[in-house]
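> Would you mind keeping the following structure in view while I ask a few things?
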Amino acid sequence: MGLPNASEDLSSEMEVDAFRRLFPLRFFERHLAESIRPDGRPLSKARDTSVFLGAVASANGSALVKIGSTTMLTAIKMEVMTPSLESPDEGCIAIDFHMPPICLPIVRPGRPAEAAPVVSKQLSDTISSSGLVNLKELSLVNGKAAWLAYLDVYCLDADGALFDAALLSAVAALSHLQIPAVAMNDDGKIVLMSEEDGQKQAQEQVNKEKRKLTLKSIPFSLTCILHKNYILADPTAEEESIMETLVTIVLDSSGQLISLYKPGGPVLAYTSAIQDCVALTRQRVKELKSILEEQDSVMEVE
């Protein structure tokens with residue numbers, strides 16, 4: 001008696017899947033009319049989010065972030081550099097975003113993904129304009145030595161809202177960053193304290209012990225899709241490919257607007273829709289702050 005029902009269910013699932021593939025926009029619009037998405041989320045709800053600090057033991061700071069299936073790994077390595085003449089008392093952060101072939105079927109070995117340089121520039125602009133890091137904290141010896149932080153973000157799974165996950169991963173890695181203890185040796189070179197034969201032999205201690213950066217105005221973001229009268233928060237890759245009008249709002253931890261990014265879709269977007277996106281982002285900022293603070297407290301306990 002159970003076999004016919006099982007057969008009918010399988011046939012029904014195949015029909016739904018075929019309809020989804022042949023008419024993706026109509027498929028999604030049927031769900032939107034019910035104020036629900038195919039993955040079961042309400043339109044305004046972001047996917048489950050997790051942050052794991054210290055994911056790369058060999059890095060000075062690192063974090064693994066998952067937003068739904070979208071997965072980002074950020075690692076930071078510190079090097080000593082000679083500061084520029086224009087900013088003799090400042091260090092530097094070099095940010096790069098990578099999309100290896102494992103993250104998406106369309107990414108081919110040897111060919112950078114089109115999104116990679118776009119997200120990389122967005123990250124650099126956001127971290128710079130937000131004032132997240134005071135570059136003077138990266139200075140070691142005025143005019144002679146400063147820290148250069150290589151911040152590399154690797155996309156391990158690209159399932160939509162790449163910038164949101166990349167920014168959260170970068171911010172989390174910076175919150176985890178431990179700046180190494182260094183000293184100046186007899187030759188006037190900056191060396192890691194662990195590389196000294198004995199710390200007492202150092203001519204001058206520059207950083208007596210490892211320290212963390214003071215992060216200010218921490219940026220968080222939320223990407224939304226605008227489709228007809230609907231607003232979908234935190235879209236999947238499938239949703240992004242079907243409904244093209246994307247808006248990314250970046251706010252700081254106090255809810256102040258840092259930037260608004262609209263890469264495509266119709267030229268005009270209703271002011272009320274943008275305001276609704278900002279309101280959704282403010283809610284999202286509270287969620288992300290709580291997740292990040294929880295992880296920071298866990299690391300302090302450990």
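Chains: A, B, ... in order of the structure tokens. Residues: from 1 per chain. Ligands: from 1, in order shown.
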Determine which residues of range 45-212 of chain A receive a DSSP assignment of helix (DSSP H, G or I), computed from the backbone, and state them as a compact mmCIF listing (two decimals) with N, CA, C and O atoms, in the first residue's frame.


```
# COMPACT_ATOMS: atom_id res chain seq x y z
N PRO A 101 39.27 27.47 -6.84
CA PRO A 101 38.29 26.67 -7.59
C PRO A 101 37.34 25.86 -6.73
O PRO A 101 36.23 25.54 -7.17
N ILE A 102 37.73 25.54 -5.49
CA ILE A 102 36.85 24.72 -4.65
C ILE A 102 35.58 25.46 -4.23
O ILE A 102 34.61 24.82 -3.82
N CYS A 103 35.57 26.79 -4.34
CA CYS A 103 34.45 27.54 -3.77
C CYS A 103 33.22 27.56 -4.66
O CYS A 103 32.11 27.80 -4.19
N ALA A 115 34.28 38.07 -9.31
CA ALA A 115 33.88 38.73 -8.06
C ALA A 115 35.07 39.04 -7.16
O ALA A 115 34.98 39.93 -6.30
N ALA A 116 36.20 38.33 -7.32
CA ALA A 116 37.32 38.45 -6.38
C ALA A 116 37.86 39.88 -6.26
O ALA A 116 37.97 40.41 -5.15
N PRO A 117 38.24 40.54 -7.37
CA PRO A 117 38.77 41.91 -7.22
C PRO A 117 37.73 42.90 -6.71
O PRO A 117 38.08 43.87 -6.03
N VAL A 118 36.46 42.66 -7.02
CA VAL A 118 35.39 43.56 -6.56
C VAL A 118 35.25 43.48 -5.05
O VAL A 118 35.22 44.50 -4.35
N VAL A 119 35.17 42.25 -4.53
CA VAL A 119 35.04 42.07 -3.08
C VAL A 119 36.30 42.56 -2.37
O VAL A 119 36.22 43.17 -1.29
N SER A 120 37.46 42.32 -2.97
CA SER A 120 38.72 42.76 -2.38
C SER A 120 38.74 44.28 -2.20
O SER A 120 39.13 44.79 -1.14
N LYS A 121 38.31 45.00 -3.23
CA LYS A 121 38.28 46.47 -3.14
C LYS A 121 37.23 46.94 -2.12
O LYS A 121 37.47 47.88 -1.36
N GLN A 122 36.07 46.28 -2.12
CA GLN A 122 35.05 46.62 -1.13
C GLN A 122 35.58 46.47 0.29
O GLN A 122 35.34 47.32 1.16
N LEU A 123 36.29 45.37 0.54
CA LEU A 123 36.85 45.13 1.87
C LEU A 123 37.85 46.22 2.25
O LEU A 123 37.80 46.77 3.36
N SER A 124 38.75 46.52 1.34
CA SER A 124 39.77 47.55 1.60
C SER A 124 39.12 48.89 1.88
O SER A 124 39.48 49.59 2.84
N ASP A 125 38.16 49.27 1.04
CA ASP A 125 37.49 50.56 1.20
C ASP A 125 36.74 50.63 2.53
O ASP A 125 36.77 51.65 3.23
N THR A 126 36.04 49.55 2.87
CA THR A 126 35.22 49.54 4.09
C THR A 126 36.08 49.60 5.34
O THR A 126 35.81 50.39 6.26
N ILE A 127 37.13 48.80 5.40
CA ILE A 127 37.99 48.78 6.58
C ILE A 127 38.72 50.11 6.73
O ILE A 127 38.91 50.63 7.84
N SER A 128 39.11 50.71 5.60
CA SER A 128 39.79 52.00 5.64
C SER A 128 38.85 53.13 6.06
O SER A 128 39.15 53.91 6.96
N SER A 129 37.67 53.21 5.41
CA SER A 129 36.75 54.33 5.66
C SER A 129 36.07 54.23 7.03
O SER A 129 35.65 55.25 7.59
N SER A 130 35.96 53.03 7.57
CA SER A 130 35.28 52.86 8.87
C SER A 130 36.13 53.33 10.04
O SER A 130 35.61 53.60 11.13
N LEU A 135 46.06 53.02 12.31
CA LEU A 135 47.33 52.54 11.74
C LEU A 135 48.54 52.97 12.57
O LEU A 135 49.61 52.38 12.44
N LYS A 136 48.36 53.97 13.42
CA LYS A 136 49.47 54.39 14.28
C LYS A 136 49.80 53.31 15.31
O LYS A 136 50.93 53.25 15.82
N GLU A 137 48.82 52.45 15.61
CA GLU A 137 49.08 51.33 16.54
C GLU A 137 50.02 50.30 15.93
O GLU A 137 50.56 49.45 16.64
N LEU A 138 50.21 50.38 14.62
CA LEU A 138 51.09 49.42 13.94
C LEU A 138 52.51 49.97 13.79
O LEU A 138 53.36 49.33 13.19
N LEU A 162 28.65 37.20 -0.45
CA LEU A 162 30.07 36.98 -0.24
C LEU A 162 30.71 38.10 0.57
O LEU A 162 31.52 37.84 1.46
N PHE A 163 30.36 39.34 0.25
CA PHE A 163 30.98 40.46 0.96
C PHE A 163 30.64 40.43 2.45
O PHE A 163 31.50 40.69 3.29
N ASP A 164 29.38 40.13 2.79
CA ASP A 164 28.97 40.09 4.19
C ASP A 164 29.82 39.10 4.99
O ASP A 164 30.30 39.41 6.09
N ALA A 165 29.99 37.91 4.43
CA ALA A 165 30.77 36.87 5.12
C ALA A 165 32.25 37.23 5.16
O ALA A 165 32.93 37.00 6.16
N ALA A 166 32.76 37.81 4.06
CA ALA A 166 34.17 38.19 4.00
C ALA A 166 34.48 39.29 5.01
O ALA A 166 35.51 39.24 5.71
N LEU A 167 33.60 40.29 5.12
CA LEU A 167 33.81 41.38 6.08
C LEU A 167 33.77 40.86 7.51
O LEU A 167 34.62 41.21 8.33
N LEU A 168 32.80 40.02 7.82
CA LEU A 168 32.70 39.47 9.17
C LEU A 168 33.93 38.64 9.51
O LEU A 168 34.47 38.72 10.62
N SER A 169 34.43 37.88 8.54
CA SER A 169 35.62 37.06 8.76
C SER A 169 36.85 37.93 8.99
O SER A 169 37.67 37.66 9.87
N ALA A 170 36.97 39.02 8.21
CA ALA A 170 38.11 39.94 8.37
C ALA A 170 38.07 40.63 9.73
O ALA A 170 39.09 40.73 10.43
N VAL A 171 36.89 41.11 10.12
CA VAL A 171 36.74 41.79 11.41
C VAL A 171 37.05 40.81 12.56
O VAL A 171 37.73 41.16 13.53
N ALA A 172 36.54 39.58 12.44
CA ALA A 172 36.78 38.58 13.48
C ALA A 172 38.27 38.25 13.60
O ALA A 172 38.80 38.12 14.72
N ALA A 173 38.95 38.13 12.46
CA ALA A 173 40.39 37.83 12.49
C ALA A 173 41.18 38.98 13.11
O ALA A 173 42.13 38.76 13.87
N LEU A 174 40.78 40.23 12.84
CA LEU A 174 41.45 41.38 13.44
C LEU A 174 41.21 41.43 14.95
O LEU A 174 42.09 41.84 15.72
N SER A 175 40.02 40.99 15.39
CA SER A 175 39.75 40.95 16.82
C SER A 175 40.57 39.87 17.51
O SER A 175 40.87 39.96 18.70
N HIS A 176 40.97 38.84 16.75
CA HIS A 176 41.76 37.74 17.30
C HIS A 176 43.26 38.00 17.19
O HIS A 176 44.07 37.35 17.85
N MET A 193 61.00 38.58 19.59
CA MET A 193 61.61 38.27 20.88
C MET A 193 62.01 36.81 20.96
O MET A 193 63.02 36.46 21.53
N SER A 194 61.21 35.93 20.35
CA SER A 194 61.50 34.50 20.40
C SER A 194 62.74 34.15 19.60
O SER A 194 63.34 33.09 19.78
N GLU A 195 63.13 35.05 18.69
CA GLU A 195 64.31 34.79 17.88
C GLU A 195 65.61 35.25 18.56
O GLU A 195 66.70 34.97 18.10
N GLN A 199 66.29 37.48 25.79
CA GLN A 199 65.61 38.77 25.70
C GLN A 199 66.45 39.88 26.34
O GLN A 199 66.39 41.04 25.91
N LYS A 200 67.22 39.57 27.32
CA LYS A 200 68.02 40.58 28.01
C LYS A 200 69.13 41.13 27.12
O LYS A 200 69.69 42.19 27.39
N GLN A 201 69.49 40.38 26.06
CA GLN A 201 70.54 40.83 25.17
C GLN A 201 70.04 41.88 24.18
O GLN A 201 70.81 42.53 23.51
```

> Please provide the set of residues having any atom within 6 Å of range 51-62 of chain A, restricted to only C-alpha atoms, with same-chain residues fewer than 5 positions apart removed, written as a list of chain:residue names.

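Counting only C-alpha atoms, the residues come to A:Thr74, A:Ala75, A:Ile76, A:Lys77, A:Ala173, A:His176, A:Leu177, A:Gln178.
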
> Write out the residues from the selection above, keeping all heavy atoms, as an mmCIF file, in the first residue's frame.


```cif
data_model
loop_
_atom_site.group_PDB
_atom_site.id
_atom_site.type_symbol
_atom_site.label_atom_id
_atom_site.label_comp_id
_atom_site.auth_asym_id
_atom_site.auth_seq_id
_atom_site.Cartn_x
_atom_site.Cartn_y
_atom_site.Cartn_z
ATOM 1 N N THR A 74 39.786 33.716 7.097
ATOM 2 C CA THR A 74 40.722 34.843 7.053
ATOM 3 C C THR A 74 41.932 34.527 7.912
ATOM 4 O O THR A 74 41.799 34.045 9.047
ATOM 5 C CB THR A 74 40.056 36.135 7.555
ATOM 6 O OG1 THR A 74 38.998 36.500 6.671
ATOM 7 C CG2 THR A 74 41.052 37.283 7.604
ATOM 8 N N ALA A 75 43.110 34.808 7.362
ATOM 9 C CA ALA A 75 44.363 34.632 8.106
ATOM 10 C C ALA A 75 45.190 35.908 7.974
ATOM 11 O O ALA A 75 45.246 36.517 6.907
ATOM 12 C CB ALA A 75 45.137 33.437 7.562
ATOM 13 N N ILE A 76 45.830 36.305 9.081
ATOM 14 C CA ILE A 76 46.649 37.521 9.102
ATOM 15 C C ILE A 76 48.072 37.153 9.485
ATOM 16 O O ILE A 76 48.303 36.456 10.473
ATOM 17 C CB ILE A 76 46.103 38.548 10.114
ATOM 18 C CG1 ILE A 76 44.646 38.894 9.794
ATOM 19 C CG2 ILE A 76 46.959 39.820 10.105
ATOM 20 C CD1 ILE A 76 43.992 39.802 10.831
ATOM 21 N N LYS A 77 49.023 37.616 8.684
ATOM 22 C CA LYS A 77 50.441 37.453 8.997
ATOM 23 C C LYS A 77 51.089 38.831 9.087
ATOM 24 O O LYS A 77 50.834 39.703 8.265
ATOM 25 C CB LYS A 77 51.151 36.621 7.919
ATOM 26 C CG LYS A 77 50.761 35.159 7.916
ATOM 27 C CD LYS A 77 51.227 34.434 9.177
ATOM 28 C CE LYS A 77 52.726 34.189 9.154
ATOM 29 N NZ LYS A 77 53.147 33.362 10.342
ATOM 30 N N ALA A 173 38.954 38.130 12.460
ATOM 31 C CA ALA A 173 40.389 37.830 12.485
ATOM 32 C C ALA A 173 41.176 38.979 13.113
ATOM 33 O O ALA A 173 42.131 38.760 13.866
ATOM 34 C CB ALA A 173 40.893 37.556 11.070
ATOM 35 N N HIS A 176 40.966 38.842 16.749
ATOM 36 C CA HIS A 176 41.757 37.740 17.296
ATOM 37 C C HIS A 176 43.263 38.002 17.192
ATOM 38 O O HIS A 176 44.066 37.347 17.852
ATOM 39 C CB HIS A 176 41.408 36.445 16.535
ATOM 40 C CG HIS A 176 42.225 35.262 16.922
ATOM 41 N ND1 HIS A 176 43.227 34.752 16.122
ATOM 42 C CD2 HIS A 176 42.207 34.486 18.037
ATOM 43 C CE1 HIS A 176 43.777 33.707 16.716
ATOM 44 N NE2 HIS A 176 43.182 33.527 17.877
ATOM 45 N N LEU A 177 43.644 38.989 16.378
ATOM 46 C CA LEU A 177 45.052 39.258 16.078
ATOM 47 C C LEU A 177 45.881 39.511 17.332
ATOM 48 O O LEU A 177 45.507 40.319 18.189
ATOM 49 C CB LEU A 177 45.153 40.462 15.143
ATOM 50 C CG LEU A 177 46.564 40.976 14.825
ATOM 51 C CD1 LEU A 177 47.366 39.916 14.076
ATOM 52 C CD2 LEU A 177 46.488 42.273 14.018
ATOM 53 N N GLN A 178 47.019 38.820 17.427
ATOM 54 C CA GLN A 178 48.004 39.055 18.478
ATOM 55 C C GLN A 178 49.255 39.624 17.808
ATOM 56 O O GLN A 178 49.932 38.937 17.049
ATOM 57 C CB GLN A 178 48.339 37.749 19.203
ATOM 58 C CG GLN A 178 47.194 37.159 19.996
ATOM 59 C CD GLN A 178 47.080 37.777 21.381
ATOM 60 O OE1 GLN A 178 48.019 38.392 21.877
ATOM 61 N NE2 GLN A 178 45.927 37.613 22.013
#
```

> Rounded to one decimal place, report the CA of Leu25 in chain A-CA of Ile242 in chain A distance in Å.

6.1 Å

> Between CA of Thr82 in chain A and CA of Ala145 in chain A, what is the spacing in Å?

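A separation of 4.8 Å between them.
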
> From the set A:Thr248, A:Ser139, A:Gln275, A:Phe27, which residue has the shortest atom-to-atom contact distance to Glu15 in chain A, counting only C-alpha atoms?

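Of A:Thr248, A:Ser139, A:Gln275, A:Phe27, the one nearest Glu15 in chain A is A:Phe27, counting only C-alpha atoms.
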
> One decimal, in Å: what's the spacing between CA of Leu104 in chain A and CA of Arg47 in chain A?

19.1 Å

> Residues at most 12 Å from Leu288 in chain A, counting only C-alpha atoms, excluding those fewer than 2 positions away in the same chain, as a count of residues only?

36

> Enumerate, as an NGL selection string, the complete set of residues in range 73-156 of chain A that a backbone-based DSSP assignment places in strand (DSSP E or B).

:A and (73-81 or 92-98 or 133 or 139-141 or 145-156)
